[in-house]
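Here is the file query-v3.pdb (PDB, C-alpha atoms, pLDDT in the B column).
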ATOM      1  CA  MET A   1      91.807  77.875 124.402  1.00 48.00           C
ATOM      2  CA  THR A   2      90.454  80.535 122.058  1.00 45.00           C
ATOM      3  CA  LEU A   3      91.601  80.078 118.468  1.00 46.00           C
ATOM      4  CA  PRO A   4      92.934  83.242 116.752  1.00 52.00           C
ATOM      5  CA  GLU A   5      90.562  82.902 113.791  1.00 48.00           C
ATOM      6  CA  THR A   6      87.562  83.020 116.152  1.00 51.00           C
ATOM      7  CA  LEU A   7      88.672  86.496 117.247  1.00 48.00           C
ATOM      8  CA  HIS A   8      89.250  87.837 113.741  1.00 43.00           C
ATOM      9  CA  PRO A   9      89.494  86.137 110.311  1.00 48.00           C
ATOM     10  CA  SER A  10      92.826  87.849 109.581  1.00 52.00           C
ATOM     11  CA  LEU A  11      94.502  86.251 112.614  1.00 46.00           C
ATOM     12  CA  TRP A  12      96.215  82.858 112.547  1.00 40.00           C
ATOM     13  CA  ARG A  13      98.764  80.839 114.499  1.00 53.00           C
ATOM     14  CA  ALA A  14     102.363  81.316 113.335  1.00 49.00           C
ATOM     15  CA  ASP A  15     102.776  77.604 112.640  1.00 51.00           C
ATOM     16  CA  GLN A  16      99.620  77.332 110.521  1.00 48.00           C
ATOM     17  CA  LEU A  17      98.438  78.632 107.166  1.00 53.00           C
ATOM     18  CA  ALA A  18      95.911  81.428 107.447  1.00 56.00           C
ATOM     19  CA  HIS A  19      92.287  80.962 106.489  1.00 52.00           C
ATOM     20  CA  SER A  20      91.809  83.001 103.341  1.00 53.00           C
ATOM     21  CA  ALA A  21      89.335  85.869 103.708  1.00 60.00           C
ATOM     22  CA  THR A  22      88.675  85.747  99.956  1.00 74.00           C
ATOM     23  CA  ARG A  23      87.521  83.053  97.551  1.00 87.00           C
ATOM     24  CA  CYS A  24      90.287  80.844  96.225  1.00 95.00           C
ATOM     25  CA  GLN A  25      90.704  78.993  92.934  1.00 95.00           C
ATOM     26  CA  ASP A  26      92.353  75.584  93.086  1.00 96.00           C
ATOM     27  CA  THR A  27      95.804  75.684  91.466  1.00 96.00           C
ATOM     28  CA  GLY A  28      95.321  72.236  89.939  1.00 95.00           C
ATOM     29  CA  PHE A  29      98.499  71.034  91.651  1.00 95.00           C
ATOM     30  CA  ALA A  30      97.738  69.351  94.983  1.00 96.00           C
ATOM     31  CA  ALA A  31     101.231  69.891  96.403  1.00 96.00           C
ATOM     32  CA  LEU A  32     101.101  73.631  95.669  1.00 97.00           C
ATOM     33  CA  SER A  33      97.507  74.154  96.831  1.00 96.00           C
ATOM     34  CA  ALA A  34      98.404  72.516 100.152  1.00 95.00           C
ATOM     35  CA  GLN A  35     100.999  75.259 100.710  1.00 96.00           C
ATOM     36  CA  LEU A  36      98.674  78.200 100.050  1.00 95.00           C
ATOM     37  CA  PRO A  37      96.235  79.821 102.505  1.00 93.00           C
ATOM     38  CA  GLY A  38      92.722  78.837 101.500  1.00 92.00           C
ATOM     39  CA  GLY A  39      94.054  75.991  99.372  1.00 94.00           C
ATOM     40  CA  GLY A  40      94.471  77.886  96.109  1.00 96.00           C
ATOM     41  CA  TRP A  41      95.001  81.161  94.248  1.00 97.00           C
ATOM     42  CA  PRO A  42      93.235  84.009  96.097  1.00 96.00           C
ATOM     43  CA  GLN A  43      90.736  85.926  93.977  1.00 96.00           C
ATOM     44  CA  GLY A  44      90.258  89.676  94.210  1.00 96.00           C
ATOM     45  CA  THR A  45      93.814  90.358  95.321  1.00 96.00           C
ATOM     46  CA  LEU A  46      97.289  90.932  93.921  1.00 97.00           C
ATOM     47  CA  ILE A  47      99.358  87.774  93.382  1.00 98.00           C
ATOM     48  CA  ASP A  48     103.031  88.558  92.847  1.00 97.00           C
ATOM     49  CA  LEU A  49     104.854  86.021  90.644  1.00 98.00           C
ATOM     50  CA  LEU A  50     108.586  86.732  90.519  1.00 97.00           C
ATOM     51  CA  VAL A  51     110.105  84.982  87.524  1.00 96.00           C
ATOM     52  CA  GLN A  52     113.800  84.266  87.002  1.00 95.00           C
ATOM     53  CA  GLN A  53     113.241  84.352  83.243  1.00 92.00           C
ATOM     54  CA  HIS A  54     110.286  84.229  80.897  1.00 91.00           C
ATOM     55  CA  GLY A  55     109.128  80.977  79.342  1.00 88.00           C
ATOM     56  CA  ILE A  56     110.038  78.617  82.195  1.00 91.00           C
ATOM     57  CA  GLY A  57     106.510  77.240  82.530  1.00 90.00           C
ATOM     58  CA  GLU A  58     104.637  80.100  84.190  1.00 92.00           C
ATOM     59  CA  LEU A  59     101.638  79.706  81.869  1.00 90.00           C
ATOM     60  CA  ARG A  60     101.538  75.969  82.482  1.00 90.00           C
ATOM     61  CA  LEU A  61     101.573  76.746  86.197  1.00 94.00           C
ATOM     62  CA  LEU A  62      98.479  78.932  85.809  1.00 95.00           C
ATOM     63  CA  GLN A  63      96.738  76.778  83.183  1.00 93.00           C
ATOM     64  CA  PRO A  64      94.472  74.700  85.488  1.00 94.00           C
ATOM     65  CA  ALA A  65      93.114  77.793  87.238  1.00 96.00           C
ATOM     66  CA  LEU A  66      92.631  79.684  83.971  1.00 95.00           C
ATOM     67  CA  ALA A  67      90.920  76.721  82.319  1.00 93.00           C
ATOM     68  CA  ALA A  68      88.489  76.520  85.252  1.00 94.00           C
ATOM     69  CA  LEU A  69      87.173  80.020  84.520  1.00 93.00           C
ATOM     70  CA  GLY A  70      84.809  78.714  81.864  1.00 88.00           C
ATOM     71  CA  GLN A  71      84.123  81.315  79.186  1.00 88.00           C
ATOM     72  CA  ARG A  72      85.136  84.365  81.229  1.00 93.00           C
ATOM     73  CA  PRO A  73      87.681  86.520  79.363  1.00 95.00           C
ATOM     74  CA  ILE A  74      91.383  86.282  80.210  1.00 95.00           C
ATOM     75  CA  VAL A  75      93.459  89.411  79.585  1.00 96.00           C
ATOM     76  CA  LEU A  76      97.170  89.246  78.735  1.00 95.00           C
ATOM     77  CA  LEU A  77      98.516  92.747  79.404  1.00 95.00           C
ATOM     78  CA  GLN A  78     102.010  93.618  78.174  1.00 92.00           C
ATOM     79  CA  PRO A  79     103.306  90.020  77.749  1.00 92.00           C
ATOM     80  CA  PRO A  80     107.047  89.869  76.941  1.00 88.00           C
ATOM     81  CA  HIS A  81     106.361  87.947  73.721  1.00 85.00           C
ATOM     82  CA  ALA A  82     103.424  87.884  71.356  1.00 83.00           C
ATOM     83  CA  PRO A  83     101.107  85.017  72.449  1.00 82.00           C
ATOM     84  CA  GLN A  84     100.820  82.035  70.114  1.00 81.00           C
ATOM     85  CA  ALA A  85      97.194  81.030  69.692  1.00 78.00           C
ATOM     86  CA  LEU A  86      97.768  77.358  68.873  1.00 81.00           C
ATOM     87  CA  ALA A  87      99.999  76.806  71.884  1.00 81.00           C
ATOM     88  CA  LEU A  88      97.486  78.490  74.188  1.00 82.00           C
ATOM     89  CA  ALA A  89      94.678  76.405  72.689  1.00 82.00           C
ATOM     90  CA  ALA A  90      96.747  73.310  73.462  1.00 81.00           C
ATOM     91  CA  LEU A  91      96.687  74.452  77.087  1.00 81.00           C
ATOM     92  CA  GLY A  92      92.889  74.362  76.959  1.00 83.00           C
ATOM     93  CA  LEU A  93      92.484  78.138  76.591  1.00 86.00           C
ATOM     94  CA  ALA A  94      90.190  79.068  73.711  1.00 85.00           C
ATOM     95  CA  PRO A  95      91.543  81.880  71.487  1.00 85.00           C
ATOM     96  CA  SER A  96      88.132  83.583  71.648  1.00 86.00           C
ATOM     97  CA  GLN A  97      88.515  83.796  75.426  1.00 90.00           C
ATOM     98  CA  LEU A  98      91.916  85.525  75.329  1.00 91.00           C
ATOM     99  CA  LEU A  99      92.482  89.254  74.968  1.00 91.00           C
ATOM    100  CA  TRP A 100      96.007  90.466  74.235  1.00 90.00           C
ATOM    101  CA  VAL A 101      96.178  94.125  75.276  1.00 89.00           C
ATOM    102  CA  ARG A 102      99.035  96.398  74.241  1.00 81.00           C
ATOM    103  CA  SER A 103      99.265  99.645  76.194  1.00 72.00           C
ATOM    104  CA  GLY A 104     100.900 102.861  75.024  1.00 65.00           C
ATOM    105  CA  ALA A 105     104.519 103.864  75.347  1.00 65.00           C
ATOM    106  CA  LYS A 106     104.010 105.295  78.833  1.00 73.00           C
ATOM    107  CA  ALA A 107     104.098 102.986  81.854  1.00 74.00           C
ATOM    108  CA  SER A 108     101.085 104.871  83.193  1.00 82.00           C
ATOM    109  CA  ASP A 109      99.013 103.592  80.249  1.00 88.00           C
ATOM    110  CA  ALA A 110      99.519  99.969  81.327  1.00 90.00           C
ATOM    111  CA  LEU A 111      98.654 100.881  84.907  1.00 91.00           C
ATOM    112  CA  TRP A 112      95.489 102.657  83.752  1.00 92.00           C
ATOM    113  CA  ALA A 113      94.452  99.626  81.693  1.00 92.00           C
ATOM    114  CA  ALA A 114      95.063  97.214  84.580  1.00 94.00           C
ATOM    115  CA  GLU A 115      93.035  99.354  86.985  1.00 95.00           C
ATOM    116  CA  GLN A 116      90.093  99.635  84.591  1.00 94.00           C
ATOM    117  CA  ILE A 117      90.028  95.872  84.025  1.00 94.00           C
ATOM    118  CA  LEU A 118      90.218  95.065  87.725  1.00 96.00           C
ATOM    119  CA  ARG A 119      87.616  97.606  88.855  1.00 95.00           C
ATOM    120  CA  SER A 120      85.137  96.545  86.188  1.00 93.00           C
ATOM    121  CA  GLY A 121      85.166  92.872  87.193  1.00 92.00           C
ATOM    122  CA  CYS A 122      84.648  92.079  83.513  1.00 91.00           C
ATOM    123  CA  CYS A 123      87.317  89.379  83.248  1.00 95.00           C
ATOM    124  CA  GLY A 124      88.043  86.103  84.959  1.00 96.00           C
ATOM    125  CA  ALA A 125      91.786  86.716  85.065  1.00 97.00           C
ATOM    126  CA  LEU A 126      94.346  89.412  84.349  1.00 97.00           C
ATOM    127  CA  LEU A 127      97.986  88.544  83.697  1.00 97.00           C
ATOM    128  CA  PHE A 128     100.065  91.717  83.840  1.00 96.00           C
ATOM    129  CA  TRP A 129     103.776  91.652  82.941  1.00 95.00           C
ATOM    130  CA  GLN A 130     105.699  94.602  84.348  1.00 93.00           C
ATOM    131  CA  LYS A 131     109.449  95.093  84.750  1.00 89.00           C
ATOM    132  CA  GLN A 132     109.288  97.801  87.396  1.00 86.00           C
ATOM    133  CA  ALA A 133     106.553  98.940  89.759  1.00 87.00           C
ATOM    134  CA  ARG A 134     106.705 101.387  92.634  1.00 89.00           C
ATOM    135  CA  GLY A 135     105.124 100.642  95.974  1.00 90.00           C
ATOM    136  CA  GLU A 136     102.288 103.094  95.427  1.00 91.00           C
ATOM    137  CA  THR A 137     101.556 101.481  92.035  1.00 92.00           C
ATOM    138  CA  LEU A 138     101.299  98.047  93.629  1.00 95.00           C
ATOM    139  CA  ARG A 139      99.009  99.405  96.345  1.00 95.00           C
ATOM    140  CA  ARG A 140      96.682 100.958  93.745  1.00 95.00           C
ATOM    141  CA  LEU A 141      96.485  97.704  91.819  1.00 96.00           C
ATOM    142  CA  HIS A 142      95.939  95.678  94.984  1.00 96.00           C
ATOM    143  CA  LEU A 143      93.100  98.010  95.980  1.00 96.00           C
ATOM    144  CA  ALA A 144      91.568  97.848  92.491  1.00 96.00           C
ATOM    145  CA  ALA A 145      91.722  94.046  92.558  1.00 96.00           C
ATOM    146  CA  GLN A 146      89.522  94.009  95.647  1.00 95.00           C
ATOM    147  CA  SER A 147      86.649  95.455  93.590  1.00 91.00           C
ATOM    148  CA  ALA A 148      85.848  92.021  92.117  1.00 92.00           C
ATOM    149  CA  ASP A 149      86.850  88.347  92.164  1.00 94.00           C
ATOM    150  CA  THR A 150      89.306  88.530  89.251  1.00 96.00           C
ATOM    151  CA  LEU A 151      92.390  86.320  89.408  1.00 97.00           C
ATOM    152  CA  PHE A 152      95.145  88.931  89.199  1.00 98.00           C
ATOM    153  CA  TYR A 153      98.687  87.766  88.536  1.00 98.00           C
ATOM    154  CA  MET A 154     101.495  90.279  88.234  1.00 97.00           C
ATOM    155  CA  LEU A 155     104.607  88.764  86.651  1.00 97.00           C
ATOM    156  CA  ARG A 156     107.792  90.629  87.500  1.00 96.00           C
ATOM    157  CA  PRO A 157     111.553  89.954  87.543  1.00 96.00           C
ATOM    158  CA  LEU A 158     112.935  87.846  90.366  1.00 96.00           C
ATOM    159  CA  ALA A 159     115.011  90.790  91.600  1.00 95.00           C
ATOM    160  CA  ALA A 160     111.767  92.481  92.718  1.00 94.00           C
ATOM    161  CA  ALA A 161     111.567  89.958  95.570  1.00 94.00           C
ATOM    162  CA  GLN A 162     113.798  92.355  97.521  1.00 93.00           C
ATOM    163  CA  ASP A 163     111.178  95.118  97.288  1.00 92.00           C
ATOM    164  CA  ALA A 164     108.154  95.519  99.551  1.00 91.00           C
ATOM    165  CA  SER A 165     104.745  94.611  98.151  1.00 94.00           C
ATOM    166  CA  PRO A 166     101.187  94.687  99.530  1.00 95.00           C
ATOM    167  CA  ALA A 167     100.502  91.342  97.810  1.00 96.00           C
ATOM    168  CA  PRO A 168      99.524  88.732 100.424  1.00 95.00           C
ATOM    169  CA  LEU A 169     101.014  86.002  98.213  1.00 97.00           C
ATOM    170  CA  ARG A 170     104.422  86.284  96.568  1.00 98.00           C
ATOM    171  CA  LEU A 171     106.077  83.332  94.850  1.00 98.00           C
ATOM    172  CA  SER A 172     109.434  83.045  93.128  1.00 97.00           C
ATOM    173  CA  LEU A 173     109.594  80.865  90.010  1.00 97.00           C
ATOM    174  CA  ARG A 174     112.872  79.297  88.876  1.00 97.00           C
ATOM    175  CA  PRO A 175     113.516  76.677  86.186  1.00 94.00           C
ATOM    176  CA  ALA A 176     114.541  73.210  87.375  1.00 94.00           C
ATOM    177  CA  ALA A 177     115.326  69.950  85.610  1.00 92.00           C
ATOM    178  CA  GLY A 178     111.976  68.398  84.697  1.00 89.00           C
ATOM    179  CA  GLY A 179     109.893  71.214  86.120  1.00 93.00           C
ATOM    180  CA  MET A 180     109.982  74.347  88.266  1.00 96.00           C
ATOM    181  CA  ASP A 181     111.129  75.377  91.745  1.00 97.00           C
ATOM    182  CA  ILE A 182     108.575  77.555  93.563  1.00 97.00           C
ATOM    183  CA  GLY A 183     109.799  79.678  96.447  1.00 97.00           C
ATOM    184  CA  PHE A 184     107.492  81.187  99.058  1.00 97.00           C
ATOM    185  CA  VAL A 185     108.655  84.772  99.375  1.00 96.00           C
ATOM    186  CA  LYS A 186     105.515  85.773 101.269  1.00 96.00           C
ATOM    187  CA  ARG A 187     102.375  83.986 102.416  1.00 93.00           C
ATOM    188  CA  ARG A 188     100.038  84.256 105.372  1.00 87.00           C
ATOM    189  CA  GLY A 189     101.438  81.394 107.356  1.00 87.00           C
ATOM    190  CA  PRO A 190     104.727  79.878 108.504  1.00 89.00           C
ATOM    191  CA  GLN A 191     107.907  80.705 106.636  1.00 89.00           C
ATOM    192  CA  ARG A 192     109.068  78.021 104.230  1.00 89.00           C
ATOM    193  CA  ASP A 193     112.713  78.247 103.230  1.00 91.00           C
ATOM    194  CA  ALA A 194     112.909  75.186 100.968  1.00 94.00           C
ATOM    195  CA  PRO A 195     111.396  75.629  97.498  1.00 96.00           C
ATOM    196  CA  LEU A 196     108.619  73.368  96.280  1.00 97.00           C
ATOM    197  CA  PHE A 197     109.560  71.403  93.178  1.00 97.00           C
ATOM    198  CA  LEU A 198     106.683  71.173  90.724  1.00 95.00           C
ATOM    199  CA  PRO A 199     107.318  68.483  88.084  1.00 90.00           C
ATOM    200  CA  LEU A 200     106.443  69.063  84.451  1.00 74.00           C
ATOM    201  CA  THR A 201     106.802  65.987  82.271  1.00 60.00           C
ATOM    202  CA  PRO A 202     109.113  66.175  79.221  1.00 49.00           C
ATOM    203  CA  ALA A 203     106.133  65.461  76.928  1.00 41.00           C
ATOM    204  CA  LEU A 204     104.262  68.447  78.368  1.00 42.00           C
ATOM    205  CA  LEU A 205     107.303  70.680  78.027  1.00 42.00           C
ATOM    206  CA  GLN A 206     107.778  69.686  74.400  1.00 43.00           C
ATOM    207  CA  ARG A 207     104.112  69.972  73.445  1.00 45.00           C
ATOM    208  CA  HIS A 208     103.847  73.565  74.665  1.00 43.00           C
ATOM    209  CA  ALA A 209     107.303  74.728  73.625  1.00 42.00           C
ATOM    210  CA  PRO A 210     106.068  77.284  71.006  1.00 43.00           C
ATOM    211  CA  LEU A 211     104.329  79.555  73.538  1.00 43.00           C
ATOM    212  CA  ASP A 212     106.542  82.476  72.495  1.00 39.00           C
ATOM    213  CA  ARG A 213     105.816  82.353  68.763  1.00 40.00           C
ATOM    214  CA  SER A 214     104.006  85.339  67.326  1.00 38.00           C
ATOM    215  CA  THR A 215     100.396  85.807  66.410  1.00 43.00           C
ATOM    216  CA  PRO A 216      99.198  88.979  64.645  1.00 33.00           C
ATOM    217  CA  ALA A 217      96.056  89.589  66.698  1.00 46.00           C
ATOM    218  CA  THR A 218      96.432  92.440  69.142  1.00 54.00           C
ATOM    219  CA  ALA A 219      94.560  95.462  70.453  1.00 54.00           C
ATOM    220  CA  SER A 220      95.444  98.711  72.130  1.00 54.00           C
ATOM    221  CA  ALA A 221      94.416  99.200  75.743  1.00 53.00           C
ATOM    222  CA  ARG A 222      92.221 102.231  75.125  1.00 54.00           C
ATOM    223  CA  GLY A 223      90.741 100.673  72.012  1.00 55.00           C
ATOM    224  CA  ILE A 224      89.464  97.485  73.584  1.00 50.00           C
ATOM    225  CA  LEU A 225      88.601  98.503  77.137  1.00 54.00           C
ATOM    226  CA  PRO A 226      85.359 100.350  76.325  1.00 51.00           C
ATOM    227  CA  SER A 227      83.905  97.129  74.924  1.00 50.00           C
ATOM    228  CA  LEU A 228      85.033  95.216  78.012  1.00 53.00           C
ATOM    229  CA  VAL A 229      83.864  97.546  80.732  1.00 49.00           C
ATOM    230  CA  GLY A 230      80.863  98.945  78.929  1.00 45.00           C
TER     231      GLY A 230
END
Serialized structure, structure tokens:
Amino acid sequence: MTLPETLHPSLWRADQLAHSATRCQDTGFAALSAQLPGGGWPQGTLIDLLVQQHGIGELRLLQPALAALGQRPIVLLQPPHAPQALALAALGLAPSQLLWVRSGAKASDALWAAEQILRSGCCGALLFWQKQARGETLRRLHLAAQSADTLFYMLRPLAAAQDASPAPLRLSLRPAAGGMDIGFVKRRGPQRDAPLFLPLTPALLQRHAPLDRSTPATASARGILPSLVG
């Protein structure tokens, strides 16, 4: 019997996870990686993370993949709270590696900044917090992400799960006692209705509690991007 993937890499059996057509970065959590096509976070594509509320452990979820980027820059675009350098350093992310970018008052400024970062391929990862995004905006960002192998996470409210998105991977993140519940809104593979519980030990939760405390270092999008993209 001919296997679907032998006909085309984008085909897969409905009861199996698809073979990722892009490079993937291990999530650092074996149980989660086993549920993702390619066994990790896909690079060069839009990853939609739909968060019930900020500060439930989303940075700890991404920490292993971000730490594996070596010295490549990591951009934090429009985070809901000013990043705290000491807490991020405790996650293994060097302050010199992190770029906190503040866009202008217009939503289009943040979109412009995200597109420039993605198309340049200058950074290892882009974390982009956005409350609202139209379908055409998501398509533009998804297309821009394909220009390089950047890990591109878009963090949006959980209510956006009801909206269409071109992202091949969409996960819902909800707080749970001792960790986080991860729901599989969309993946290339069989539907999974039950969430995956990802444990976070109380010691880890306490150690990284001050992630939302302020730090004064910041930069405007149009001020810092020329030095990034050349």
Distance query A:Ala30 at most 10 Å, all atoms listed in the file, self and fewer than 4 positions along chain excluded, as a PyMOL selection string:
chain A and resi 26+34-35+39-40
With the PyMOL selection byres ((chain A and resi 157) around 8) as the selection, what would be picked from this file? Answer as a list in words, please.
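Given this file, the PyMOL selection byres ((chain A and resi 157) around 8) evaluates to Leu50, Val51, Gln52, Gln53, Lys131, Leu155, Arg156, Leu158, Ala159 and Ala160 of chain A.
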Residues as selected, C-alpha atoms, written as a tab-separated table (two decimals), in the coordinates of the input, can you do that?
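So result_21.tsv came out as:
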chain	number	residue	atom	x	y	z
A	50	LEU	CA	108.59	86.73	90.52
A	51	VAL	CA	110.10	84.98	87.52
A	52	GLN	CA	113.80	84.27	87.00
A	53	GLN	CA	113.24	84.35	83.24
A	131	LYS	CA	109.45	95.09	84.75
A	155	LEU	CA	104.61	88.76	86.65
A	156	ARG	CA	107.79	90.63	87.50
A	158	LEU	CA	112.94	87.85	90.37
A	159	ALA	CA	115.01	90.79	91.60
A	160	ALA	CA	111.77	92.48	92.72
Using the chain letters and numbers from the file, give me the residues hit by the PyMOL selection byres ((chain A and resi 113-118) around 7), as a PDB file with C-alpha atoms, keeping the file's coordinate frame.
ATOM      1  CA  ASP A 109      99.013 103.592  80.249  1.00 88.00           C
ATOM      2  CA  ALA A 110      99.519  99.969  81.327  1.00 90.00           C
ATOM      3  CA  LEU A 111      98.654 100.881  84.907  1.00 91.00           C
ATOM      4  CA  TRP A 112      95.489 102.657  83.752  1.00 92.00           C
ATOM      5  CA  ARG A 119      87.616  97.606  88.855  1.00 95.00           C
ATOM      6  CA  SER A 120      85.137  96.545  86.188  1.00 93.00           C
ATOM      7  CA  GLY A 121      85.166  92.872  87.193  1.00 92.00           C
ATOM      8  CA  CYS A 122      84.648  92.079  83.513  1.00 91.00           C
ATOM      9  CA  LEU A 141      96.485  97.704  91.819  1.00 96.00           C
ATOM     10  CA  ALA A 144      91.568  97.848  92.491  1.00 96.00           C
ATOM     11  CA  ALA A 145      91.722  94.046  92.558  1.00 96.00           C
ATOM     12  CA  SER A 147      86.649  95.455  93.590  1.00 91.00           C
ATOM     13  CA  ALA A 148      85.848  92.021  92.117  1.00 92.00           C
ATOM     14  CA  THR A 150      89.306  88.530  89.251  1.00 96.00           C
ATOM     15  CA  ALA A 221      94.416  99.200  75.743  1.00 53.00           C
TER      16      ALA A 221
END
I need the residue nearest A:Ser96 from this list: A:Ala82, A:Ala31, A:Met154, A:Val75. Use only C-alpha atoms for the distance.
A:Val75
Compare A:Ala67, A:Pro73, A:Ser108, A:Arg102 by their minimum atom-to-atom distance to A:Ala89, counting only C-alpha atoms, and give me the closest one.
A:Ala67
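Residues matched by the PyMOL selection byres ((chain A and resi 44) around 8) in this file: Thr22, Arg23, Pro42, Gln43, Thr45, Leu46, Ala145, Gln146, Ser147, Ala148, Asp149, Thr150, Leu151 and Phe152 of chain A.
If you measure from each of A:Arg174, A:Arg192, A:Arg134, A:Arg139 to A:Ile56 using all atoms listed in the file, the closest one turns out to be A:Arg174.
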What's the separation between atom CA of A:Gly38 and atom CA of A:Leu198, in Å to one decimal place?
19.2 Å
Would you please work out which residue, of A:Leu49, A:Ala167, A:Leu32, A:Gly183, is nearest to A:Leu143 when using all atoms listed in the file?
A:Ala167
Would you compute the box with edges along x, y and z of the file around stretch 81-85 of chain A, including every atom the file lists for it and 6 Å extra on each side, and give its centre and edge lengths in Å to one decimal, as JSON?
{"center_x": 101.8, "center_y": 84.5, "center_z": 71.7, "size_x": 21.2, "size_y": 18.9, "size_z": 16.0}
Within 12 Å of (107.2, 67.5, 89.9), all atoms listed in the file: residues as a PDB file with C-alpha atoms, in the frame of the given file?
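Dumped to part-v6.pdb:
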ATOM      1  CA  PHE A  29      98.499  71.034  91.651  1.00 95.00           C
ATOM      2  CA  ALA A  30      97.738  69.351  94.983  1.00 96.00           C
ATOM      3  CA  ALA A  31     101.231  69.891  96.403  1.00 96.00           C
ATOM      4  CA  LEU A  32     101.101  73.631  95.669  1.00 97.00           C
ATOM      5  CA  LEU A  61     101.573  76.746  86.197  1.00 94.00           C
ATOM      6  CA  PRO A 175     113.516  76.677  86.186  1.00 94.00           C
ATOM      7  CA  ALA A 176     114.541  73.210  87.375  1.00 94.00           C
ATOM      8  CA  ALA A 177     115.326  69.950  85.610  1.00 92.00           C
ATOM      9  CA  GLY A 178     111.976  68.398  84.697  1.00 89.00           C
ATOM     10  CA  GLY A 179     109.893  71.214  86.120  1.00 93.00           C
ATOM     11  CA  MET A 180     109.982  74.347  88.266  1.00 96.00           C
ATOM     12  CA  ASP A 181     111.129  75.377  91.745  1.00 97.00           C
ATOM     13  CA  ILE A 182     108.575  77.555  93.563  1.00 97.00           C
ATOM     14  CA  PRO A 195     111.396  75.629  97.498  1.00 96.00           C
ATOM     15  CA  LEU A 196     108.619  73.368  96.280  1.00 97.00           C
ATOM     16  CA  PHE A 197     109.560  71.403  93.178  1.00 97.00           C
ATOM     17  CA  LEU A 198     106.683  71.173  90.724  1.00 95.00           C
ATOM     18  CA  PRO A 199     107.318  68.483  88.084  1.00 90.00           C
ATOM     19  CA  LEU A 200     106.443  69.063  84.451  1.00 74.00           C
ATOM     20  CA  THR A 201     106.802  65.987  82.271  1.00 60.00           C
ATOM     21  CA  PRO A 202     109.113  66.175  79.221  1.00 49.00           C
ATOM     22  CA  LEU A 204     104.262  68.447  78.368  1.00 42.00           C
TER      23      LEU A 204
END
Would you write out, as a Markdown table, a table of all residues in stretch 89-166 of chain A that have an atom no more than 7 Å from an atom of stretch 76-81 of chain A, listing for each the closest atom pair and the distance in Å to one decimal, considering only C-alpha atoms and ordering rows by chain and rising residue number?
| residue | atom | partner | partner_atom | distance |
| --- | --- | --- | --- | --- |
| A:Leu99 | CA | A:Leu76 | CA | 6.0 |
| A:Trp100 | CA | A:Leu76 | CA | 4.8 |
| A:Val101 | CA | A:Leu77 | CA | 4.9 |
| A:Arg102 | CA | A:Gln78 | CA | 5.7 |
| A:Ser103 | CA | A:Gln78 | CA | 6.9 |
| A:Leu126 | CA | A:Leu76 | CA | 6.3 |
| A:Leu127 | CA | A:Leu76 | CA | 5.1 |
| A:Phe128 | CA | A:Leu77 | CA | 4.8 |
| A:Trp129 | CA | A:Gln78 | CA | 5.5 |
